[in-house]
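K.L.:
I'd like to ask some things about the structure below.
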Amino acid sequence: MPMVKMEKILFIFCILTMGILFSEGKSLAMLETLQFHGFGSQGFILSSENNFFGKSKEGSFKYHEVGMGASIRPLSDLQFSAQMLSRRAGAGDRGNIRLDYGFMDYKLVSKASNDFGIRIGRMQNPIGLYNDTPRDVAFTRPSIFLPQSIYFDRTQNVARSSDGIHFYADHRMGIGDLLYQLGAVYADVDGQESKKVLLAEVPGDLESRLSYISRLMFEQDGGRVRLAITGLLLNAQFKSATSPQGRGDIRFRPLIISAQYNAELWSLSSEYALRNFRYRNVGPLNFNITGESYYLQGTYRLFKTLELLLRYDVTFQDKKDRKGKTFAARTGRPDHSRFAKDATIGLRWDITKTLMSRIEYHIVDGTAWLPLLDNPPPAPTKRYWDLFSVLISFRF
Amino acid sequence: MKRLIPLLGILLTLLPLPQAIAQEVVVHQKVHQEEISRNTLRAIFGMRLLKWPDGRAIKVFVLQDDHTTHITFSKSILHMFPYQLRRAWDRQVYSGTGQSPNEVSSLKEMSEKVASTPGAIGYLSHSIEHQFETKLDLKVLHVW
């Protein structure tokens with residue numbers, strides 16, 4: 001399904017909603033359920049080497065997000081939600097306004113112990129602990145930059161939201177809640193940075209193919225313990241720009257295991273992922289590799305409005321070639337582009353309920369998640385680098 | 001001795017009352033329910049369960065995050081930290097999968113709103129200053 005059609009579908013949803021509104025004469029009661037939300041943030045980034053979102057070596061302000069959304073619940077089982085987003089992240093994301101999500105959510109079963117429902121439209125992808133937290137809203141992220149080993153910001157467009165259909169089932173039991181989501185979707189793979197990352201220098205285009213996403217989450221005591229397993233099967237077709245017959249495909253199959261414990265003053269989170277990439281006839285590219293990622297993160301509320309973050313985050317593009325030596329020998333590209341180890345310390349300050357500020361420092365070894373558009377090859381990258389960032393954010 | 005009783009009464013009212021000792025879950029009078037499980041209550045205040053068993057929409061009312069009664073209710077009745085509730089609401093609001101509860105600014109407003117909104121649920125502190133309002137048109141749910 002092409003992404004442009006979404007606006008039309010949403011428009012039809014709106015008409016349908018209006019129909020319900022007038023036919024049942026419930027306009028007043030329904031309008032009471034109309035809710036608006038919004039957020040915005042501006043970041044400053046400074047790096048010792050390598051550019052991350054703009055020319056950060058000189059100091060970059062090219063990192064901001066603005067979003068606005070609304071939801072309405074005409075019936076207790078039916079909700080319509082939409083959000084527009086503009087995001088600037090260096091050269092990879094230039095701040096154009098787009099529909100971040102827009103969908104209809106209908107609960108077919110809604111009981112004290114069970115929910116079963118369906119969502120149709122463009123939804124945020126339920127991946128791990130943070131993708132649908134959601135990741136664009138600085139307030140709901142644990143840090144300025146999410147652990148890049150799993151939530152790659154450079155290819156955020158692919159992961160953030162996709163068009164299609166989701167089924168969800170919640171089962172509430174004495175020992176906790178089981179939350180399951182299954183989606184059949186088309187991901188957004190034709191973003192500039194995503195193409196650069198996925199195709200390297202191969203000339204051609206990528207087109208989304210039907211993909212699947214599934215997450216099972218267990219929550220105890222309303223989220224004191226959260227455990228999840230996420231599986232994705234993302235398909236894209238490659239069309240060569242140089243030969244009309246040149247077709248291939250990319251299959252991305254990550255598996256993520258997530259765990260979180262939330263105490264009154266501290267939280268501990270960890271995720272582990274195996275990321276399988278298979279390229280077939282993508283120009284000269286034919287390979288099947290599995291990357292490995294994990295992080296351990298702790299936050300501690302020092303005061304009511306001040307929170308400390310510590311994290312160690314690791315990623316390997318190929319777990320059989322962790323140091324990138326084989327890759328470097330074969331391609332002539334730097335070995336340090338195949339891994340990244342990031343030690344982060346950060347502080348969150350909730351100035352008011354709607355205004356928040358963050359500061360964080362990363363000590364990084366490796367460039368596996370460095371945005372390519374901000375560091376166009378063959379510009380040299382450095383293996384050891386530091387990243388500093390400050391962010392101010394509001395929401396309503 | 002008889003004269004002492006009213007005096008004792010006056011003295012008692014002057015004593016500092018412990019604030020928000022106990023919490024009560026209150027619903028609109030026409031909600032056909034006498035008791036509720038903690039699990040169901042969590043689903044309701046977490047904005048995941050949106051309907052009463054009879055099909056009526058549930059309207060959730062809460063106080064601000066830093067209100068003493070909200071904190072005590074969250075911890076002692078739901079067995080959750082207030083920030084967990086806030087996160088659950090944020091997750092749903094900003095991803096479009098749910099809505100946030102109606103926020104009221106005082107216990108007085110809470111009792112008025114719950115009493116006047118069909119399908120409403122909220123909570124009150126069990127202290128003397130509010131027990132009159134609680135007796136208005138509200139029904140107290142027994143939590144098990």
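We name chains A, B, ... following the order of the structure tokens; residues begin at 1 in each chain, and ligands are numbered from 1 as shown.
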Please provide the set of residues having any atom within 6 Å of Tyr123 of chain B, restricted to only C-alpha atoms, with same-chain residues fewer than 2 positions apart removed, written as an NGL selection string.

P.N.:
:B and (24-26)

K.L.:
Within 6 Å of chain B, which residues of chain A show up when using only C-alpha atoms, listed as number ranges by chain?

P.N.:
A: 76, 81, 112, 133-134

K.L.:
Go ahead and save the residues from that selection, with N, CA, C and O atoms, as a CSV table (one decimal), in the first residue's frame.

P.N.:
chain,number,residue,atom,x,y,z
A,76,SER,N,-17.5,3.5,23.0
A,76,SER,CA,-16.5,3.1,23.9
A,76,SER,C,-15.6,2.0,23.3
A,76,SER,O,-14.5,1.8,23.8
A,81,SER,N,-7.4,8.0,15.9
A,81,SER,CA,-6.3,8.8,16.4
A,81,SER,C,-5.4,9.2,15.2
A,81,SER,O,-5.3,8.4,14.3
A,112,ALA,N,-13.6,-7.5,31.4
A,112,ALA,CA,-12.7,-7.3,32.5
A,112,ALA,C,-11.4,-8.1,32.3
A,112,ALA,O,-10.3,-7.6,32.6
A,133,THR,N,6.7,3.9,22.6
A,133,THR,CA,6.5,4.5,23.9
A,133,THR,C,5.8,5.9,23.9
A,133,THR,O,5.1,6.2,24.8
A,134,PRO,N,5.9,6.6,22.8
A,134,PRO,CA,6.6,6.4,21.6
A,134,PRO,C,7.9,7.2,21.5
A,134,PRO,O,8.2,8.1,22.3

K.L.:
As an exercise, work out the distance from atom CA of Val109 of chain A to atom CA of Gln79 of chain A in Å and give it to one decimal place.

P.N.:
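So the two atoms, atom CA of Val109 of chain A and atom CA of Gln79 of chain A, lie 14.1 Å apart.
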
K.L.:
Go through A:Glu193, A:Asp170, A:Glu201, A:Glu307 and flag the residue nearest Asp374 of chain A, using only C-alpha atoms for the distances.

P.N.:
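Closest to Asp374 of chain A, using only C-alpha atoms: A:Glu193.
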
K.L.:
Would you mind listing what lies within 6 Å of Thr230 of chain A as a PyMOL selection string, with only C-alpha atoms counted and same-chain residues fewer than 3 positions away left out?

P.N.:
chain A and resi 214-215+255-256

K.L.:
Go ahead and write the residues just picked, all heavy atoms, as a PDB file, in the first residue's frame.

P.N.:
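Output file selection-v6.pdb follows:
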ATOM      1  N   SER A 214       5.315  -8.756  15.440  1.00  0.00           N
ATOM      2  CA  SER A 214       4.596  -9.440  16.502  1.00  0.00           C
ATOM      3  C   SER A 214       5.305  -9.226  17.833  1.00  0.00           C
ATOM      4  O   SER A 214       6.526  -9.326  17.923  1.00  0.00           O
ATOM      5  CB  SER A 214       4.535 -10.920  16.144  1.00  0.00           C
ATOM      6  OG  SER A 214       4.196 -11.666  17.253  1.00  0.00           O
ATOM      7  N   ARG A 215       4.532  -8.896  18.850  1.00  0.00           N
ATOM      8  CA  ARG A 215       5.141  -8.722  20.174  1.00  0.00           C
ATOM      9  C   ARG A 215       4.244  -9.305  21.245  1.00  0.00           C
ATOM     10  O   ARG A 215       3.036  -9.080  21.267  1.00  0.00           O
ATOM     11  CB  ARG A 215       5.380  -7.241  20.480  1.00  0.00           C
ATOM     12  CG  ARG A 215       6.021  -7.021  21.879  1.00  0.00           C
ATOM     13  CD  ARG A 215       6.279  -5.574  22.196  1.00  0.00           C
ATOM     14  NE  ARG A 215       5.051  -4.825  22.335  1.00  0.00           N
ATOM     15  CZ  ARG A 215       4.996  -3.500  22.450  1.00  0.00           C
ATOM     16  NH1 ARG A 215       6.098  -2.785  22.417  1.00  0.00           N
ATOM     17  NH2 ARG A 215       3.837  -2.889  22.574  1.00  0.00           N
ATOM     18  N   LEU A 255      14.972 -10.319  16.209  1.00  0.00           N
ATOM     19  CA  LEU A 255      14.270 -10.912  17.343  1.00  0.00           C
ATOM     20  C   LEU A 255      14.778 -10.188  18.588  1.00  0.00           C
ATOM     21  O   LEU A 255      15.983 -10.097  18.802  1.00  0.00           O
ATOM     22  CB  LEU A 255      14.595 -12.406  17.423  1.00  0.00           C
ATOM     23  CG  LEU A 255      13.886 -13.165  18.539  1.00  0.00           C
ATOM     24  CD1 LEU A 255      12.432 -13.400  18.166  1.00  0.00           C
ATOM     25  CD2 LEU A 255      14.583 -14.493  18.800  1.00  0.00           C
ATOM     26  N   ILE A 256      13.852  -9.633  19.357  1.00  0.00           N
ATOM     27  CA  ILE A 256      14.269  -8.817  20.497  1.00  0.00           C
ATOM     28  C   ILE A 256      13.648  -9.345  21.791  1.00  0.00           C
ATOM     29  O   ILE A 256      12.443  -9.585  21.856  1.00  0.00           O
ATOM     30  CB  ILE A 256      13.850  -7.336  20.306  1.00  0.00           C
ATOM     31  CG1 ILE A 256      14.362  -6.805  18.975  1.00  0.00           C
ATOM     32  CG2 ILE A 256      14.348  -6.467  21.454  1.00  0.00           C
ATOM     33  CD1 ILE A 256      13.726  -5.499  18.544  1.00  0.00           C
TER      34      ILE A 256
END

K.L.:
So the first atom is atom CA of Arg251 of chain A and the second is atom CA of Gly117 of chain A; what is the distance between them in Å, to one decimal place?

P.N.:
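Going from atom CA of Arg251 of chain A over to atom CA of Gly117 of chain A, I get 28.5 Å.
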
K.L.:
If we count only C-alpha atoms, what is near Arg395 of chain A at a cut-off of 10 Å, once residues fewer than 4 positions away on the same chain are taken out, given as a list in words?

P.N.:
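Listing them by chain and then by number gives His37, Gly38, Phe39, Gly40, Ser41, Val66, Gly67, Met68, Val137, Ala138, Phe139, Lys353, Thr354, Leu355 and Met356 of chain A.
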
K.L.:
Extract, using only C-alpha atoms, all DNA, RNA and protein residues at most 9 Å from Ala368 of chain A, discarding same-chain residues fewer than 5 positions from it, and format them as a PyMOL selection string.

P.N.:
chain A and resi 149+315-317+336-341

K.L.:
Please produce an output containing N, CA, C and O atoms for each residue in the selection, written as a PDB file, in the first residue's frame.

P.N.:
ATOM      1  N   SER A 149      21.807   0.598  19.643  1.00  0.00           N
ATOM      2  CA  SER A 149      22.045  -0.784  19.222  1.00  0.00           C
ATOM      3  C   SER A 149      20.746  -1.407  18.726  1.00  0.00           C
ATOM      4  O   SER A 149      20.758  -2.236  17.826  1.00  0.00           O
ATOM      5  N   THR A 315      26.629  -3.016  20.054  1.00  0.00           N
ATOM      6  CA  THR A 315      26.085  -3.631  18.849  1.00  0.00           C
ATOM      7  C   THR A 315      27.198  -4.164  17.941  1.00  0.00           C
ATOM      8  O   THR A 315      28.276  -3.567  17.854  1.00  0.00           O
ATOM      9  N   PHE A 316      26.920  -5.311  17.334  1.00  0.00           N
ATOM     10  CA  PHE A 316      27.817  -5.883  16.323  1.00  0.00           C
ATOM     11  C   PHE A 316      26.992  -6.128  15.064  1.00  0.00           C
ATOM     12  O   PHE A 316      25.929  -6.740  15.142  1.00  0.00           O
ATOM     13  N   GLN A 317      27.480  -5.663  13.935  1.00  0.00           N
ATOM     14  CA  GLN A 317      26.726  -5.851  12.690  1.00  0.00           C
ATOM     15  C   GLN A 317      26.732  -7.306  12.248  1.00  0.00           C
ATOM     16  O   GLN A 317      25.807  -7.757  11.577  1.00  0.00           O
ATOM     17  N   HIS A 336      35.899  -0.493  12.119  1.00  0.00           N
ATOM     18  CA  HIS A 336      35.116   0.052  13.248  1.00  0.00           C
ATOM     19  C   HIS A 336      33.692   0.452  12.855  1.00  0.00           C
ATOM     20  O   HIS A 336      32.895   0.823  13.718  1.00  0.00           O
ATOM     21  N   SER A 337      33.356   0.370  11.562  1.00  0.00           N
ATOM     22  CA  SER A 337      31.964   0.666  11.173  1.00  0.00           C
ATOM     23  C   SER A 337      31.060  -0.536  11.424  1.00  0.00           C
ATOM     24  O   SER A 337      29.858  -0.480  11.198  1.00  0.00           O
ATOM     25  N   ARG A 338      31.649  -1.645  11.907  1.00  0.00           N
ATOM     26  CA  ARG A 338      30.875  -2.868  12.109  1.00  0.00           C
ATOM     27  C   ARG A 338      30.505  -3.115  13.559  1.00  0.00           C
ATOM     28  O   ARG A 338      29.914  -4.133  13.902  1.00  0.00           O
ATOM     29  N   PHE A 339      30.912  -2.215  14.439  1.00  0.00           N
ATOM     30  CA  PHE A 339      30.520  -2.383  15.844  1.00  0.00           C
ATOM     31  C   PHE A 339      30.387  -1.019  16.509  1.00  0.00           C
ATOM     32  O   PHE A 339      30.842  -0.007  15.948  1.00  0.00           O
ATOM     33  N   ALA A 340      29.782  -0.957  17.668  1.00  0.00           N
ATOM     34  CA  ALA A 340      29.732   0.264  18.466  1.00  0.00           C
ATOM     35  C   ALA A 340      29.477  -0.123  19.916  1.00  0.00           C
ATOM     36  O   ALA A 340      28.606  -0.944  20.214  1.00  0.00           O
ATOM     37  N   LYS A 341      30.272   0.464  20.796  1.00  0.00           N
ATOM     38  CA  LYS A 341      30.080   0.271  22.239  1.00  0.00           C
ATOM     39  C   LYS A 341      29.946   1.668  22.833  1.00  0.00           C
ATOM     40  O   LYS A 341      30.834   2.494  22.651  1.00  0.00           O
TER      41      LYS A 341
END

K.L.:
Which residues, written as a list in words, have at least one atom at most 9 Å from Ser76 of chain B, with only C-alpha atoms counted and residues fewer than 4 positions away on the same chain left out?

P.N.:
Ala22, Gln23, Ile71, Thr72 and Met80 of chain B

K.L.:
Could you write out that same residue set with all heavy atoms as a tab-separated table (two decimals), in the first residue's frame?

P.N.:
chain	number	residue	atom	x	y	z
B	22	ALA	N	-7.24	6.66	54.64
B	22	ALA	CA	-7.74	5.56	53.83
B	22	ALA	C	-8.36	6.12	52.56
B	22	ALA	O	-8.78	7.27	52.52
B	22	ALA	CB	-8.79	4.79	54.62
B	23	GLN	N	-8.39	5.32	51.54
B	23	GLN	CA	-8.95	5.74	50.26
B	23	GLN	C	-10.15	4.89	49.92
B	23	GLN	O	-10.23	3.74	50.31
B	23	GLN	CB	-7.90	5.54	49.15
B	23	GLN	CG	-6.54	6.04	49.49
B	23	GLN	CD	-6.50	7.53	49.43
B	23	GLN	OE1	-6.98	8.12	48.48
B	23	GLN	NE2	-5.93	8.14	50.45
B	71	ILE	N	-1.48	9.92	45.13
B	71	ILE	CA	-0.31	9.09	45.43
B	71	ILE	C	-0.72	7.92	46.33
B	71	ILE	O	-0.38	6.77	46.06
B	71	ILE	CB	0.81	9.94	46.09
B	71	ILE	CG1	1.28	11.02	45.11
B	71	ILE	CG2	1.98	9.06	46.52
B	71	ILE	CD1	2.21	12.06	45.70
B	72	THR	N	-1.48	8.24	47.39
B	72	THR	CA	-1.89	7.18	48.32
B	72	THR	C	-2.81	6.18	47.64
B	72	THR	O	-2.68	4.97	47.82
B	72	THR	CB	-2.62	7.79	49.54
B	72	THR	OG1	-1.97	8.99	49.90
B	72	THR	CG2	-2.61	6.82	50.70
B	80	MET	N	0.47	0.47	42.72
B	80	MET	CA	1.32	0.97	41.62
B	80	MET	C	1.92	2.31	42.05
B	80	MET	O	1.35	3.02	42.86
B	80	MET	CB	0.47	1.23	40.37
B	80	MET	CG	0.05	0.01	39.61
B	80	MET	SD	-1.16	0.43	38.33
B	80	MET	CE	-0.10	1.07	37.04

K.L.:
Write out as a list in words each polymer residue whose atoms come within 8 Å of Arg253 of chain A, counting only C-alpha atoms; drop sequence neighbours fewer than 5 positions from it.

P.N.:
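Listed by chain and then number, they are Gly231, Leu232, Leu233, Leu234, Arg275, Asn276 and Phe277 of chain A.
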
K.L.:
When you draw a straight line from atom CA of Pro284 of chain A to atom CA of Phe252 of chain A, how long is it in Å?

P.N.:
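Value for the atom CA of Pro284 of chain A-atom CA of Phe252 of chain A distance: 17.9 Å.
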
K.L.:
Nearest to Thr68 of chain B among B:Leu107, B:Leu138, B:Glu112, B:Gln29, with distances taken over only C-alpha atoms: which residue is it?

P.N.:
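Checking each candidate against Thr68 of chain B, we get B:Leu107 as the closest.
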
K.L.:
If you run DSSP over the backbone, which residues in segment 10-95 of chain B end up strand (DSSP E)? Put them as a PyMOL selection string.

P.N.:
chain B and resi 23-28+35-36+59-62

K.L.:
I need the residue nearest Tyr168 of chain A from this list: A:Leu347, A:Leu108, A:Leu265, A:Ala228. Use only C-alpha atoms for the distance.

P.N.:
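Under the stated criterion, the closest residue is A:Leu108.
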
K.L.:
Rank A:Asn262, A:Ser47, A:Ser194, A:Ser211 by their smallest atom-to-atom distance to Arg224 of chain A, using only C-alpha atoms, and report the top residue only.

P.N.:
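Of the candidates, the smallest distance to Arg224 of chain A is held by A:Asn262.
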
K.L.:
Given only C-alpha atoms as the basis, pick out the residue of A:Ile250, A:Ala379, A:Ile257, A:Leu198 nearest to Leu227 of chain A.

P.N.:
A:Ile257
